[in-house]
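Engineer: First the structure, which I've put down as structure tokens, then a few questions once you've had a look.
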Amino acid sequence: MLRIVLVILCLAAGAAPAQDRYFDSAGARIRYVDEGRGPAVVLIHGFTGTIERSWVNTGVLPGLARDYRVVAIDLRGHGHSDKPHDAAAYDELGEDVIRLLDHLRIEHAHAVGYSLGGIILARLLVAHPQRFRSAVLGGAAYRRSRGADSDRAAEEAAREIEAGLYRALIVSTAPTDEPPPSEEAIRARSREIAASADVKAHAALMRARRALLVSDAEIARVRVPSLAVVGSADPALPRIQAMKKRWPGLEVQVVQGAAHPTVHERGLARHPEFLAAIRRHIGSRR
């Protein structure tokens, strides 16, 4: 019955429900959807996201699928993709995207990455620039070198996640124009995330963050036309402004009032200006 209701709602909104597909990425079963026709656009969601929560429910996927072939992936450790508990397995996060393009025989694609997805995309622009026509990073700056303090913080966050507490994620992405989330709010949101997640897989990913590092020299050499879109209430804004200074070819757009979390009512991914910015950026480079 629920499935029927969802189908009706999707059709009423003008978008058919996404069809699950899977491919093997070096031994990991990865889920994706492939919708629409036209130039290819690959969507990469953020930490704890899924295709539905990050791209369908926000309107980004159906909004793009009217004019583009949109390929969206459930990152390993998320959604309906495999969820390994070994941190080393998450060194493959970026390569899963490239293997998906290979699987679909897509030589070049536009790409949109949100939050962690934007961090992954920045790494891909360095490692596989020839595969991308353009790139949009939503609420994300590239991940720079990490020291011992950062490693300790990541390990502490991983241990909390294993216990079902996503404190570091919730606090670090909370809107900057609102009071910090209370302990009660942190625990309530953590329960919501953990209810549909594999916490051991998320903890493993947290411990594997070094695989996505990009140096300042590497990002400065990127020539793929790239746009960073960020909300004015996103804690990532200062990092993105600093990134612009190190990445001369990067365009930056700030959406006033928008916040970071996709589930937030002011989340950037839900804001009409985000979709409009994506369409403008990739539309000029078809």
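The chains in the structure tokens are called A, B, ... from first to last as shown; in each chain the residues are counted from 1, and the ligands are counted from 1 in the order shown.
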Running DSSP on the backbone, which parts of range 22-196 of chain A land in strand (DSSP E or B), as a PyMOL selection string?
Structural biologist: chain A and resi 22-25+28-35+40-44+69-73+109-114+132-138+143
Engineer: May I have the residues from that selection written out with N, CA and C atoms, as a short mmCIF file (atom, residue, chain, number, x, y, z; two decimals), in the first residue's frame?
Structural biologist:
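The new file again-v3.cif reads:
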```cif
data_model
loop_
_atom_site.label_atom_id
_atom_site.label_comp_id
_atom_site.auth_asym_id
_atom_site.auth_seq_id
_atom_site.Cartn_x
_atom_site.Cartn_y
_atom_site.Cartn_z
N TYR A 22 21.76 -1.89 -10.10
CA TYR A 22 22.96 -2.21 -9.33
C TYR A 22 24.09 -2.57 -10.29
N PHE A 23 25.32 -2.33 -9.83
CA PHE A 23 26.49 -2.81 -10.58
C PHE A 23 27.55 -3.20 -9.58
N ASP A 24 28.50 -3.98 -10.06
CA ASP A 24 29.60 -4.44 -9.21
C ASP A 24 30.78 -3.49 -9.34
N SER A 25 31.20 -2.91 -8.22
CA SER A 25 32.34 -2.02 -8.21
C SER A 25 33.47 -2.67 -7.43
N ALA A 28 32.03 -4.67 -4.63
CA ALA A 28 30.96 -4.05 -3.84
C ALA A 28 29.73 -3.85 -4.73
N ARG A 29 28.56 -4.22 -4.21
CA ARG A 29 27.31 -4.03 -4.95
C ARG A 29 26.80 -2.62 -4.68
N ILE A 30 26.75 -1.83 -5.74
CA ILE A 30 26.42 -0.42 -5.62
C ILE A 30 25.11 -0.13 -6.35
N ARG A 31 24.21 0.56 -5.66
CA ARG A 31 22.91 0.89 -6.23
C ARG A 31 22.95 2.27 -6.90
N TYR A 32 22.25 2.38 -8.02
CA TYR A 32 22.15 3.67 -8.70
C TYR A 32 20.81 3.77 -9.41
N VAL A 33 20.46 4.96 -9.84
CA VAL A 33 19.31 5.17 -10.70
C VAL A 33 19.78 5.93 -11.94
N ASP A 34 19.07 5.76 -13.03
CA ASP A 34 19.44 6.35 -14.31
C ASP A 34 18.14 6.87 -14.94
N GLU A 35 17.96 8.19 -14.90
CA GLU A 35 16.70 8.79 -15.32
C GLU A 35 16.92 9.89 -16.36
N ALA A 40 24.85 13.68 -19.83
CA ALA A 40 24.86 12.97 -18.55
C ALA A 40 25.26 13.88 -17.39
N VAL A 41 24.53 13.75 -16.28
CA VAL A 41 24.85 14.43 -15.03
C VAL A 41 24.88 13.38 -13.93
N VAL A 42 25.98 13.28 -13.20
CA VAL A 42 26.07 12.32 -12.10
C VAL A 42 25.94 13.08 -10.78
N LEU A 43 25.11 12.53 -9.88
CA LEU A 43 24.84 13.15 -8.58
C LEU A 43 25.47 12.32 -7.47
N ILE A 44 26.20 12.99 -6.56
CA ILE A 44 26.90 12.31 -5.47
C ILE A 44 26.44 12.93 -4.15
N ARG A 69 20.25 13.37 -18.81
CA ARG A 69 20.32 12.01 -18.30
C ARG A 69 20.97 12.09 -16.93
N VAL A 70 20.22 11.79 -15.89
CA VAL A 70 20.70 11.95 -14.52
C VAL A 70 21.00 10.59 -13.91
N VAL A 71 22.23 10.42 -13.49
CA VAL A 71 22.68 9.18 -12.85
C VAL A 71 23.02 9.52 -11.40
N ALA A 72 22.34 8.87 -10.47
CA ALA A 72 22.59 9.12 -9.04
C ALA A 72 23.00 7.83 -8.37
N ILE A 73 23.92 7.93 -7.44
CA ILE A 73 24.50 6.75 -6.80
C ILE A 73 24.23 6.77 -5.30
N ALA A 109 30.90 13.43 -18.18
CA ALA A 109 29.65 13.78 -17.50
C ALA A 109 29.81 15.10 -16.75
N HIS A 110 28.72 15.80 -16.59
CA HIS A 110 28.66 16.87 -15.60
C HIS A 110 28.51 16.19 -14.25
N ALA A 111 28.91 16.84 -13.18
CA ALA A 111 28.82 16.22 -11.86
C ALA A 111 28.39 17.22 -10.81
N VAL A 112 27.55 16.75 -9.88
CA VAL A 112 27.11 17.56 -8.75
C VAL A 112 27.36 16.76 -7.49
N GLY A 113 28.09 17.32 -6.55
CA GLY A 113 28.34 16.66 -5.27
C GLY A 113 27.93 17.54 -4.13
N TYR A 114 27.25 16.96 -3.15
CA TYR A 114 26.77 17.75 -2.01
C TYR A 114 27.47 17.28 -0.73
N PHE A 132 35.06 14.74 -16.70
CA PHE A 132 34.03 15.69 -16.30
C PHE A 132 33.99 16.92 -17.20
N ARG A 133 32.77 17.25 -17.63
CA ARG A 133 32.55 18.46 -18.43
C ARG A 133 32.44 19.69 -17.54
N SER A 134 31.84 19.51 -16.37
CA SER A 134 31.71 20.59 -15.40
C SER A 134 31.45 19.98 -14.04
N ALA A 135 31.55 20.81 -13.00
CA ALA A 135 31.34 20.31 -11.64
C ALA A 135 30.66 21.37 -10.80
N VAL A 136 29.74 20.92 -9.93
CA VAL A 136 29.09 21.79 -8.95
C VAL A 136 29.28 21.17 -7.58
N LEU A 137 29.88 21.92 -6.66
CA LEU A 137 30.08 21.48 -5.29
C LEU A 137 29.06 22.21 -4.41
N GLY A 138 28.17 21.47 -3.77
CA GLY A 138 27.17 22.07 -2.90
C GLY A 138 27.60 21.99 -1.44
N ARG A 143 38.98 18.60 0.85
CA ARG A 143 39.55 18.23 2.14
C ARG A 143 41.07 18.36 2.07
#
```
Engineer: Fewer than 3 positions away in the same chain doesn't count, so skip those; otherwise give me all residues within 6 Å of range 204-210 of chain A, counting only C-alpha atoms, as an NGL selection string.
Structural biologist: :A and (85-87 or 90 or 158 or 201 or 213)
Engineer: Those residues you just picked out, can you put them in a file as a tab-separated table (two decimals), in the first residue's frame with N, CA and C atoms?
Structural biologist:
```
chain	number	residue	atom	x	y	z
A	85	HIS	N	32.32	-2.85	6.77
A	85	HIS	CA	32.71	-2.32	8.08
A	85	HIS	C	34.21	-2.11	8.20
A	86	ASP	N	34.93	-2.35	7.11
A	86	ASP	CA	36.38	-2.16	7.07
A	86	ASP	C	36.67	-0.77	6.53
A	87	ALA	N	37.39	0.04	7.30
A	87	ALA	CA	37.66	1.42	6.88
A	87	ALA	C	38.36	1.48	5.53
A	90	TYR	N	36.52	2.10	2.16
A	90	TYR	CA	36.01	3.41	1.78
A	90	TYR	C	37.03	4.26	1.05
A	158	ALA	N	33.87	8.63	15.17
A	158	ALA	CA	33.55	7.27	14.74
A	158	ALA	C	33.03	6.43	15.90
A	201	ALA	N	29.14	0.88	9.47
A	201	ALA	CA	29.62	1.31	8.15
A	201	ALA	C	29.94	2.80	8.17
A	213	LEU	N	41.90	13.32	0.54
A	213	LEU	CA	42.70	14.53	0.68
A	213	LEU	C	43.14	15.08	-0.68
```
Engineer: Nearest to Asp198 in chain A among A:Pro238, A:Gly257, A:Gly164, A:Gly27, with distances taken over only C-alpha atoms: which residue is it?
Structural biologist: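 Ranked by minimum distance to Asp198 in chain A, first place goes to A:Gly164.
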Engineer: Between A:Ala140, A:Ile120, A:Ala203, A:Ala228, which has the minimum distance to Arg159 in chain A (counting only C-alpha atoms)?
Structural biologist: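 With only C-alpha atoms as the atom set, the closest residue is A:Ala203.
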Engineer: Find the residues around Arg99 in chain A up to 9 Å (only C-alpha atoms counted), leave out those fewer than 3 positions away in its own chain, and share them as a list of chain:residue names.
Structural biologist: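 Near Arg99 in chain A, the qualifying residues are A:Phe23, A:Asp24, A:Ser25, A:Ala26, A:Gly94, A:Glu95, A:Asp96, A:Asp102, A:His103, A:Leu104.
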Engineer: Those residues with N, CA and C atoms, as a CSV table (one decimal), in the first residue's frame please?
Structural biologist:
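That gives us out.csv:
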```
chain,number,residue,atom,x,y,z
A,23,PHE,N,25.3,-2.3,-9.8
A,23,PHE,CA,26.5,-2.8,-10.6
A,23,PHE,C,27.6,-3.2,-9.6
A,24,ASP,N,28.5,-4.0,-10.1
A,24,ASP,CA,29.6,-4.4,-9.2
A,24,ASP,C,30.8,-3.5,-9.3
A,25,SER,N,31.2,-2.9,-8.2
A,25,SER,CA,32.3,-2.0,-8.2
A,25,SER,C,33.5,-2.7,-7.4
A,26,ALA,N,34.3,-3.4,-8.1
A,26,ALA,CA,35.4,-4.1,-7.5
A,26,ALA,C,35.0,-4.9,-6.3
A,94,GLY,N,35.4,7.4,-4.3
A,94,GLY,CA,35.5,8.1,-5.6
A,94,GLY,C,35.5,7.2,-6.8
A,95,GLU,N,36.3,6.1,-6.6
A,95,GLU,CA,36.4,5.2,-7.8
A,95,GLU,C,35.1,4.5,-8.1
A,96,ASP,N,34.2,4.4,-7.1
A,96,ASP,CA,32.8,3.8,-7.4
A,96,ASP,C,32.1,4.7,-8.4
A,102,ASP,N,31.9,4.1,-16.2
A,102,ASP,CA,32.5,3.1,-17.1
A,102,ASP,C,31.4,2.0,-17.4
A,103,HIS,N,30.7,1.6,-16.3
A,103,HIS,CA,29.6,0.6,-16.4
A,103,HIS,C,28.5,1.1,-17.4
A,104,LEU,N,28.2,2.4,-17.4
A,104,LEU,CA,27.2,2.9,-18.3
A,104,LEU,C,27.8,3.4,-19.6
```
